[in-house]
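Next up, data-v4.cif (mmCIF, C-alpha atoms and all ligand atoms):
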data_protein
#
loop_
_atom_site.label_atom_id
_atom_site.label_comp_id
_atom_site.auth_asym_id
_atom_site.auth_seq_id
_atom_site.Cartn_x
_atom_site.Cartn_y
_atom_site.Cartn_z
CA MET Q 178 -35.64 -2.57 13.05
CA SER Q 179 -36.34 0.45 15.22
CA ALA Q 180 -39.88 1.83 15.38
CA LEU Q 181 -41.07 4.52 12.96
CA LEU Q 182 -43.22 6.00 15.73
CA GLU Q 183 -42.21 5.54 19.33
CA ILE Q 184 -44.15 7.00 22.23
CA ARG Q 185 -42.50 6.73 25.65
CA ASP Q 186 -44.22 7.28 28.98
CA LEU Q 187 -46.36 10.13 27.66
CA ARG Q 188 -48.31 12.09 30.28
CA LYS Q 189 -50.93 14.82 30.13
CA ARG Q 190 -53.21 16.18 32.82
CA PHE Q 191 -56.22 18.43 32.41
CA GLY Q 192 -56.72 19.98 35.84
CA GLY Q 193 -56.72 17.08 38.27
CA LEU Q 194 -57.43 14.46 35.60
CA ALA Q 195 -54.59 12.32 34.21
CA VAL Q 196 -55.95 11.93 30.68
CA THR Q 197 -52.74 10.38 29.33
CA ASP Q 198 -51.16 8.45 32.16
CA GLY Q 199 -47.80 7.01 31.14
CA VAL Q 200 -48.61 5.74 27.64
CA SER Q 201 -45.90 3.92 25.68
CA LEU Q 202 -46.31 2.32 22.29
CA ALA Q 203 -44.25 1.67 19.18
CA LEU Q 204 -45.20 1.32 15.54
CA PRO Q 205 -42.74 -0.34 13.18
CA ALA Q 206 -42.87 0.16 9.41
CA GLY Q 207 -45.92 -1.61 8.03
CA ALA Q 208 -47.83 -1.51 11.33
CA ARG Q 209 -51.61 -1.80 11.17
CA THR Q 210 -52.51 -0.88 14.72
CA ALA Q 211 -55.93 0.03 16.10
CA LEU Q 212 -56.28 2.23 19.18
CA ILE Q 213 -59.53 1.42 20.92
CA GLY Q 214 -61.16 2.15 24.26
CA PRO Q 215 -64.36 3.52 25.71
CA ASN Q 216 -65.50 7.14 25.39
CA GLY Q 217 -63.23 9.42 27.36
CA ALA Q 218 -60.37 6.89 27.50
CA GLY Q 219 -57.98 9.49 26.10
CA LYS Q 220 -57.59 8.33 22.48
CA THR Q 221 -58.06 11.73 20.85
CA THR Q 222 -55.82 13.37 23.44
CA LEU Q 223 -53.08 10.84 22.70
CA ILE Q 224 -53.33 11.52 18.98
CA ASN Q 225 -53.20 15.28 19.65
CA LEU Q 226 -50.05 14.77 21.72
CA VAL Q 227 -48.48 12.76 18.91
CA THR Q 228 -49.33 15.34 16.23
CA GLY Q 229 -48.22 18.28 18.36
CA HIS Q 230 -51.66 19.84 18.72
CA LEU Q 231 -51.18 19.35 22.45
CA ARG Q 232 -47.98 19.54 24.47
CA PRO Q 233 -47.31 16.68 26.90
CA ASP Q 234 -46.39 17.27 30.55
CA ALA Q 235 -43.80 14.50 30.30
CA GLY Q 236 -42.62 11.71 28.04
CA SER Q 237 -41.43 11.68 24.45
CA VAL Q 238 -42.52 11.14 20.87
CA ARG Q 239 -39.94 9.91 18.37
CA LEU Q 240 -40.39 9.76 14.62
CA ALA Q 241 -37.97 7.54 12.71
CA GLY Q 242 -35.55 7.83 15.62
CA ARG Q 243 -35.79 11.62 15.93
CA ASP Q 244 -37.24 13.26 19.03
CA VAL Q 245 -40.18 15.42 17.87
CA THR Q 246 -41.79 15.96 21.28
CA ARG Q 247 -41.38 19.74 21.02
CA THR Q 248 -41.49 20.01 17.24
CA PRO Q 249 -44.29 22.13 15.72
CA THR Q 250 -47.09 20.21 14.00
CA ALA Q 251 -46.30 21.47 10.48
CA GLU Q 252 -42.71 20.29 10.78
CA ARG Q 253 -43.87 16.87 12.01
CA VAL Q 254 -46.08 16.64 8.91
CA ARG Q 255 -43.13 17.49 6.68
CA SER Q 256 -41.15 14.77 8.45
CA GLY Q 257 -43.84 12.22 7.57
CA LEU Q 258 -46.17 12.19 10.57
CA VAL Q 259 -49.58 12.77 9.01
CA ARG Q 260 -53.06 12.74 10.45
CA SER Q 261 -55.87 12.24 7.97
CA PHE Q 262 -57.76 15.43 7.33
CA GLN Q 263 -61.27 15.53 8.69
CA VAL Q 264 -64.20 16.17 6.36
CA THR Q 265 -64.92 19.28 8.37
CA ARG Q 266 -61.53 20.62 7.26
CA LEU Q 267 -62.25 20.28 3.56
CA PHE Q 268 -63.25 23.42 1.64
CA PRO Q 269 -66.77 22.91 0.23
CA ASP Q 270 -66.23 25.08 -2.86
CA LEU Q 271 -62.82 23.69 -3.85
CA THR Q 272 -62.65 20.67 -6.14
CA ALA Q 273 -61.04 17.37 -5.19
CA ARG Q 274 -58.17 18.15 -7.60
CA GLU Q 275 -57.59 21.55 -6.00
CA HIS Q 276 -57.39 19.96 -2.55
CA LEU Q 277 -54.76 17.52 -3.78
CA ALA Q 278 -52.85 20.30 -5.55
CA LEU Q 279 -52.76 22.23 -2.26
CA ALA Q 280 -51.43 19.19 -0.39
CA ILE Q 281 -48.75 18.48 -3.00
CA LEU Q 282 -47.64 22.12 -3.13
CA GLN Q 283 -47.55 22.25 0.67
CA ARG Q 284 -45.41 19.11 0.72
CA GLU Q 285 -43.05 20.64 -1.82
CA GLY Q 286 -42.82 23.84 0.22
CA ARG Q 287 -44.32 25.83 -2.65
CA ALA Q 288 -46.78 28.65 -2.01
CA GLY Q 289 -50.44 27.69 -1.70
CA ALA Q 290 -51.13 30.78 -3.81
CA MET Q 291 -49.80 28.78 -6.78
CA VAL Q 292 -52.79 26.46 -6.56
CA GLY Q 293 -54.57 28.52 -9.25
CA HIS Q 294 -51.85 27.50 -11.70
CA TYR Q 295 -51.45 23.84 -10.82
CA GLU Q 296 -53.03 22.58 -14.06
CA ARG Q 297 -49.96 23.98 -15.84
CA MET Q 298 -47.61 21.89 -13.69
CA PRO Q 299 -47.42 18.48 -15.36
CA GLU Q 300 -45.69 16.74 -12.43
CA VAL Q 301 -48.46 17.95 -10.10
CA THR Q 302 -51.34 16.96 -12.38
CA ALA Q 303 -49.79 13.53 -13.01
CA GLU Q 304 -49.58 12.91 -9.29
CA ILE Q 305 -53.15 14.12 -8.77
CA ASP Q 306 -54.37 11.74 -11.50
CA GLN Q 307 -52.54 8.87 -9.82
CA LEU Q 308 -53.99 9.63 -6.38
CA LEU Q 309 -57.53 10.01 -7.71
CA GLU Q 310 -57.18 6.73 -9.62
CA ARG Q 311 -55.84 4.96 -6.55
CA LEU Q 312 -58.73 6.14 -4.35
CA ARG Q 313 -61.31 5.51 -7.12
CA LEU Q 314 -62.14 9.20 -7.29
CA ALA Q 315 -61.14 9.86 -10.91
CA GLU Q 316 -64.70 10.64 -11.97
CA ILE Q 317 -65.30 13.34 -9.38
CA GLY Q 318 -61.90 15.07 -9.52
CA ARG Q 319 -63.29 18.26 -11.00
CA ARG Q 320 -66.34 18.47 -8.76
CA GLN Q 321 -66.58 20.69 -5.72
CA VAL Q 322 -66.40 18.88 -2.40
CA ALA Q 323 -69.92 20.11 -1.48
CA GLU Q 324 -71.27 18.13 -4.46
CA ILE Q 325 -69.69 14.75 -3.78
CA ALA Q 326 -70.97 11.95 -1.54
CA TYR Q 327 -69.82 11.81 2.06
CA GLY Q 328 -67.99 8.52 1.47
CA GLN Q 329 -66.08 10.18 -1.38
CA GLN Q 330 -65.20 13.08 0.90
CA ARG Q 331 -63.68 10.59 3.33
CA LEU Q 332 -61.75 8.96 0.49
CA LEU Q 333 -60.51 12.42 -0.45
CA GLU Q 334 -59.19 12.87 3.11
CA LEU Q 335 -57.15 9.72 2.62
CA ALA Q 336 -55.92 10.92 -0.77
CA ILE Q 337 -54.82 14.24 0.78
CA ALA Q 338 -53.01 12.41 3.57
CA LEU Q 339 -51.21 10.21 1.02
CA ALA Q 340 -50.29 13.28 -1.04
CA LEU Q 341 -48.25 14.39 1.97
CA ARG Q 342 -46.18 11.16 1.62
CA PRO Q 343 -46.52 9.94 5.21
CA LYS Q 344 -44.26 7.49 6.98
CA VAL Q 345 -46.77 7.28 9.84
CA LEU Q 346 -50.49 7.81 9.23
CA LEU Q 347 -52.95 8.53 12.05
CA LEU Q 348 -56.56 7.82 11.14
CA ASP Q 349 -59.44 9.02 13.29
CA GLU Q 350 -62.52 6.89 12.58
CA PRO Q 351 -62.00 6.82 8.80
CA ALA Q 352 -65.42 5.33 8.02
CA ALA Q 353 -67.52 7.12 10.65
CA GLY Q 354 -70.71 8.63 9.27
CA VAL Q 355 -70.34 6.89 5.93
CA PRO Q 356 -73.55 5.21 4.72
CA GLN Q 357 -73.47 1.40 4.75
CA GLY Q 358 -73.28 1.06 0.96
CA GLU Q 359 -70.12 3.19 0.75
CA THR Q 360 -68.03 1.74 3.59
CA ARG Q 361 -66.70 -1.07 1.35
CA LEU Q 362 -64.82 1.54 -0.74
CA ILE Q 363 -63.20 2.97 2.39
CA GLU Q 364 -62.18 -0.49 3.57
CA GLU Q 365 -60.71 -1.28 0.16
CA ALA Q 366 -58.75 1.96 0.23
CA LEU Q 367 -57.45 1.12 3.72
CA ALA Q 368 -56.48 -2.37 2.57
CA GLU Q 369 -54.50 -0.84 -0.30
CA LEU Q 370 -52.46 1.64 1.76
CA PRO Q 371 -48.72 1.38 1.03
CA ALA Q 372 -47.35 -1.74 2.73
CA GLU Q 373 -44.44 0.04 4.45
CA LEU Q 374 -46.61 2.81 5.93
CA ALA Q 375 -47.15 2.58 9.71
CA VAL Q 376 -50.84 3.16 10.47
CA LEU Q 377 -52.50 3.92 13.81
CA MET Q 378 -56.28 3.97 13.55
CA ILE Q 379 -58.77 5.04 16.22
CA ASP Q 380 -62.12 3.38 15.75
CA HIS Q 381 -65.17 2.27 17.67
CA ASP Q 382 -66.33 -0.08 14.92
CA MET Q 383 -64.93 -3.42 16.05
CA ASP Q 384 -65.80 -5.15 12.78
CA LEU Q 385 -63.63 -2.64 10.94
CA VAL Q 386 -60.90 -2.92 13.59
CA PHE Q 387 -60.75 -6.71 13.22
CA ARG Q 388 -60.63 -6.52 9.43
CA PHE Q 389 -57.95 -3.82 9.36
CA ALA Q 390 -55.69 -4.19 12.36
CA ARG Q 391 -53.08 -6.81 13.10
CA GLU Q 392 -52.32 -5.27 16.47
CA VAL Q 393 -54.67 -3.62 18.94
CA VAL Q 394 -53.87 -1.19 21.75
CA VAL Q 395 -56.61 -0.73 24.33
CA LEU Q 396 -56.67 2.49 26.30
CA ALA Q 397 -58.77 2.96 29.43
CA ALA Q 398 -58.68 5.97 31.75
CA GLY Q 399 -55.50 7.19 30.09
CA ARG Q 400 -53.56 3.93 30.46
CA VAL Q 401 -52.75 1.14 28.05
CA ILE Q 402 -54.47 -1.98 29.41
CA PHE Q 403 -53.72 -4.27 26.45
CA THR Q 404 -51.27 -4.38 23.56
CA GLY Q 405 -51.24 -7.41 21.36
CA PRO Q 406 -52.48 -9.23 18.30
CA ALA Q 407 -56.05 -8.49 17.20
CA SER Q 408 -56.70 -12.21 17.49
CA GLU Q 409 -56.10 -12.06 21.26
CA VAL Q 410 -57.85 -8.86 22.31
CA THR Q 411 -61.30 -10.39 22.75
CA SER Q 412 -60.00 -13.20 24.92
CA ASP Q 413 -58.33 -10.80 27.37
CA ARG Q 414 -60.50 -10.84 30.45
CA GLY Q 415 -60.03 -7.21 31.44
CA VAL Q 416 -60.76 -5.99 27.93
CA ARG Q 417 -63.76 -8.31 27.57
CA GLU Q 418 -65.35 -7.25 30.80
CA ALA Q 419 -64.68 -3.56 30.70
CA TYR Q 420 -64.35 -2.39 27.12
CA LEU Q 421 -65.81 -4.57 24.44
CA GLY Q 422 -69.28 -5.09 25.85
CA SER Q 423 -71.47 -6.70 23.25
CA TYR Q 424 -68.43 -7.31 21.05
CA ALA Q 425 -66.88 -9.64 23.59
CA ASP Q 426 -67.81 -12.66 21.51
CA ALA Q 427 -66.65 -11.18 18.20
CA ARG Q 428 -63.70 -12.77 16.42
CA PRO Q 429 -61.28 -11.29 13.93
CA ALA Q 430 -62.12 -12.05 10.30
CA ALA Q 431 -60.10 -15.01 8.99
N1 LIG H 501 -58.96 20.36 26.45
C1 LIG H 501 -59.45 19.63 27.46
N2 LIG H 501 -59.63 20.17 28.68
C2 LIG H 501 -60.10 19.44 29.71
N3 LIG H 501 -60.43 18.14 29.62
C3 LIG H 501 -60.29 17.54 28.42
C4 LIG H 501 -59.80 18.24 27.28
N4 LIG H 501 -59.77 17.39 26.24
C5 LIG H 501 -60.22 16.20 26.71
N5 LIG H 501 -60.53 16.29 28.01
C6 LIG H 501 -61.01 15.19 28.86
O1 LIG H 501 -60.07 14.15 28.74
C7 LIG H 501 -60.72 12.88 28.75
C8 LIG H 501 -60.31 12.11 27.52
O2 LIG H 501 -60.88 12.70 26.36
P1 LIG H 501 -60.55 12.19 24.89
O3 LIG H 501 -61.37 13.01 23.96
O4 LIG H 501 -59.10 12.15 24.67
O5 LIG H 501 -61.13 10.71 24.94
P2 LIG H 501 -61.49 9.70 23.74
O6 LIG H 501 -61.00 8.38 24.16
O7 LIG H 501 -60.99 10.24 22.46
O8 LIG H 501 -63.07 9.73 23.75
P3 LIG H 501 -64.13 9.51 22.55
O9 LIG H 501 -64.05 8.06 22.19
O10 LIG H 501 -65.41 9.86 23.20
O11 LIG H 501 -63.74 10.43 21.44
C9 LIG H 501 -62.21 13.16 28.85
O12 LIG H 501 -62.59 13.04 30.20
C10 LIG H 501 -62.33 14.60 28.38
O13 LIG H 501 -63.43 15.22 28.98
#

Reformat the file's structure so that it appears as structure tokens.
Ligand SMILES: Nc1ncnc2c1ncn2[C@@H]1O[C@H](COP(=O)(O)OP(=O)(O)OP(=O)(O)O)[C@@H](O)[C@H]1O
Amino acid sequence: MSALLEIRDLRKRFGGLAVTDGVSLALPAGARTALIGPNGAGKTTLINLVTGHLRPDAGSVRLAGRDVTRTPTAERVRSGLVRSFQVTRLFPDLTAREHLALAILQREGRAGAMVGHYERMPEVTAEIDQLLERLRLAEIGRRQVAEIAYGQQRLLELAIALALRPKVLLLDEPAAGVPQGETRLIEEALAELPAELAVLMIDHDMDLVFRFAREVVVLAAGRVIFTGPASEVTSDRGVREAYLGSYADARPAA
């Protein structure tokens, strides 16, 4: 089957620096791929090129076979290319339910101004209930974001992303900043993502990477230096020496 997300020979320079230097990768349906690499390797830039927040100098991005290299971000989202919202993009005085109503209305192409009336839309409230249940957030649905724990805010980001019905989901350090006791809930939510969804996750936490990802892509100085099964990344000499440091002896969870 052809890839849901296909990146071909993508290039981006900032001044004299080739930050994305001929990157190609493909995610089929159901992919669980981690994008790792040292600070400054170009991970965030690559994600920004894929979402359309940045424009590449060369190369292409295809979504479900369609070239979206020049497509505006909002249209990519509507086509199923979704990046998880960051906590910093949540509205502190809106409730979790209101955030999900906004995402659902946006997906349906209905005006955000209707969010004040969403409780009178049974199909919207039913979907909100389902999403909250799925992310174990049912109890805090009516609380303002400012009042809920940070781990719950990160679960809400995932719920919002799922409300947009993604085909491809890009996750930027989904558990970063979450206190130890709450990371299990995030990992459970990640483990329960729809099977057919293609997921690309950036993370520095190698324990999380090994538990989540089946495939790992290692980026260094803007180039892919390894693509392969998570079980093989730590035995790759170049990756071991240059990029995993103290994790070089780690092994994927059985
Ligand atoms: N808008 C920009 N203008 C100029 N240089 C930039 C810009 N954005 C990123 N860079 C540079 O590009 C390189 C790659 O940055 P990027 O943030 O993509 O790396 P990263 O792998 O995500 O790093 P980290 O793990 O620290 O988040 C860095 O050297 C950074 O300074």

If we count all atoms listed in the file and set the cut-off at 10 Å, which residues sit around region 234-242 of chain Q, ignoring sequence neighbours fewer than 2 positions away in its own chain? Please answer as a PDB file with C-alpha atoms, in the coordinates of the input.
ATOM      1  CA  SER Q 179     -36.340   0.450  15.220  1.00  0.00           C
ATOM      2  CA  ALA Q 180     -39.880   1.830  15.380  1.00  0.00           C
ATOM      3  CA  LEU Q 181     -41.070   4.520  12.960  1.00  0.00           C
ATOM      4  CA  LEU Q 182     -43.220   6.000  15.730  1.00  0.00           C
ATOM      5  CA  GLU Q 183     -42.210   5.540  19.330  1.00  0.00           C
ATOM      6  CA  ILE Q 184     -44.150   7.000  22.230  1.00  0.00           C
ATOM      7  CA  ARG Q 185     -42.500   6.730  25.650  1.00  0.00           C
ATOM      8  CA  ASP Q 186     -44.220   7.280  28.980  1.00  0.00           C
ATOM      9  CA  LEU Q 187     -46.360  10.130  27.660  1.00  0.00           C
ATOM     10  CA  ARG Q 188     -48.310  12.090  30.280  1.00  0.00           C
ATOM     11  CA  LYS Q 189     -50.930  14.820  30.130  1.00  0.00           C
ATOM     12  CA  ARG Q 190     -53.210  16.180  32.820  1.00  0.00           C
ATOM     13  CA  THR Q 197     -52.740  10.380  29.330  1.00  0.00           C
ATOM     14  CA  ASP Q 198     -51.160   8.450  32.160  1.00  0.00           C
ATOM     15  CA  GLY Q 199     -47.800   7.010  31.140  1.00  0.00           C
ATOM     16  CA  VAL Q 200     -48.610   5.740  27.640  1.00  0.00           C
ATOM     17  CA  SER Q 201     -45.900   3.920  25.680  1.00  0.00           C
ATOM     18  CA  LEU Q 202     -46.310   2.320  22.290  1.00  0.00           C
ATOM     19  CA  ALA Q 203     -44.250   1.670  19.180  1.00  0.00           C
ATOM     20  CA  LEU Q 204     -45.200   1.320  15.540  1.00  0.00           C
ATOM     21  CA  PRO Q 205     -42.740  -0.340  13.180  1.00  0.00           C
ATOM     22  CA  ALA Q 206     -42.870   0.160   9.410  1.00  0.00           C
ATOM     23  CA  LEU Q 226     -50.050  14.770  21.720  1.00  0.00           C
ATOM     24  CA  VAL Q 227     -48.480  12.760  18.910  1.00  0.00           C
ATOM     25  CA  THR Q 228     -49.330  15.340  16.230  1.00  0.00           C
ATOM     26  CA  GLY Q 229     -48.220  18.280  18.360  1.00  0.00           C
ATOM     27  CA  LEU Q 231     -51.180  19.350  22.450  1.00  0.00           C
ATOM     28  CA  ARG Q 232     -47.980  19.540  24.470  1.00  0.00           C
ATOM     29  CA  ASP Q 244     -37.240  13.260  19.030  1.00  0.00           C
ATOM     30  CA  VAL Q 245     -40.180  15.420  17.870  1.00  0.00           C
ATOM     31  CA  THR Q 246     -41.790  15.960  21.280  1.00  0.00           C
ATOM     32  CA  ARG Q 247     -41.380  19.740  21.020  1.00  0.00           C
ATOM     33  CA  THR Q 248     -41.490  20.010  17.240  1.00  0.00           C
ATOM     34  CA  ARG Q 253     -43.870  16.870  12.010  1.00  0.00           C
ATOM     35  CA  SER Q 256     -41.150  14.770   8.450  1.00  0.00           C
ATOM     36  CA  GLY Q 257     -43.840  12.220   7.570  1.00  0.00           C
ATOM     37  CA  LEU Q 258     -46.170  12.190  10.570  1.00  0.00           C
ATOM     38  CA  LYS Q 344     -44.260   7.490   6.980  1.00  0.00           C
ATOM     39  CA  VAL Q 345     -46.770   7.280   9.840  1.00  0.00           C
TER      40      VAL Q 345
END

Exercise. May I have the residues within 7 Å of Leu212 (chain Q) as a list in words, using all atoms listed in the file and disregarding those fewer than 5 positions away in the same chain?
Key: Leu377, Met378, Ile379, Asp380, Val393, Val394 and Val395 of chain Q

Practice problem: Identify which of the residues Q:Ala352, Q:Leu314, Q:Ala288, Q:Ala218 lies closest to Gly399 (chain Q), counting all atoms listed in the file when measuring atom-to-atom distances. | Solution: Q:Ala218

Quiz prompt | Length of the CA of Val301 (chain Q) to CA of Pro269 (chain Q) vector [Å] | solution =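 Going from CA of Val301 (chain Q) over to CA of Pro269 (chain Q), I get 21.6 Å.
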
Quiz item: CA of Leu385 (chain Q) and atom O6 of ligand LIG 501 (chain H) are how many Å apart?
Solution: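 Straight-line distance from CA of Leu385 (chain Q) to atom O6 of ligand LIG 501 (chain H) works out to 17.4 Å.
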
Quiz prompt | Nearest-residue call for ligand LIG 501 (chain H), choices Q:Pro356, Q:Gly214, Q:Gly193, Q:Pro406, using all atoms listed in the file | solution =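 Ranked by minimum distance to ligand LIG 501 (chain H), first place goes to Q:Gly214.
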
Practice problem: Show which residues sit within 10 Å of region 315-320 of chain Q, as a list in words. Count all atoms listed in the file, and ignore same-chain residues fewer than 5 positions away. | Solution: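 Here the answer would be Asp270, Leu271, Thr272, Ala273, Arg274, Glu275, His276, Leu277, Ile305, Asp306, Gln307, Leu308, Leu309, Glu310, Ile325, Ala326, Gln329 and Leu333 of chain Q.
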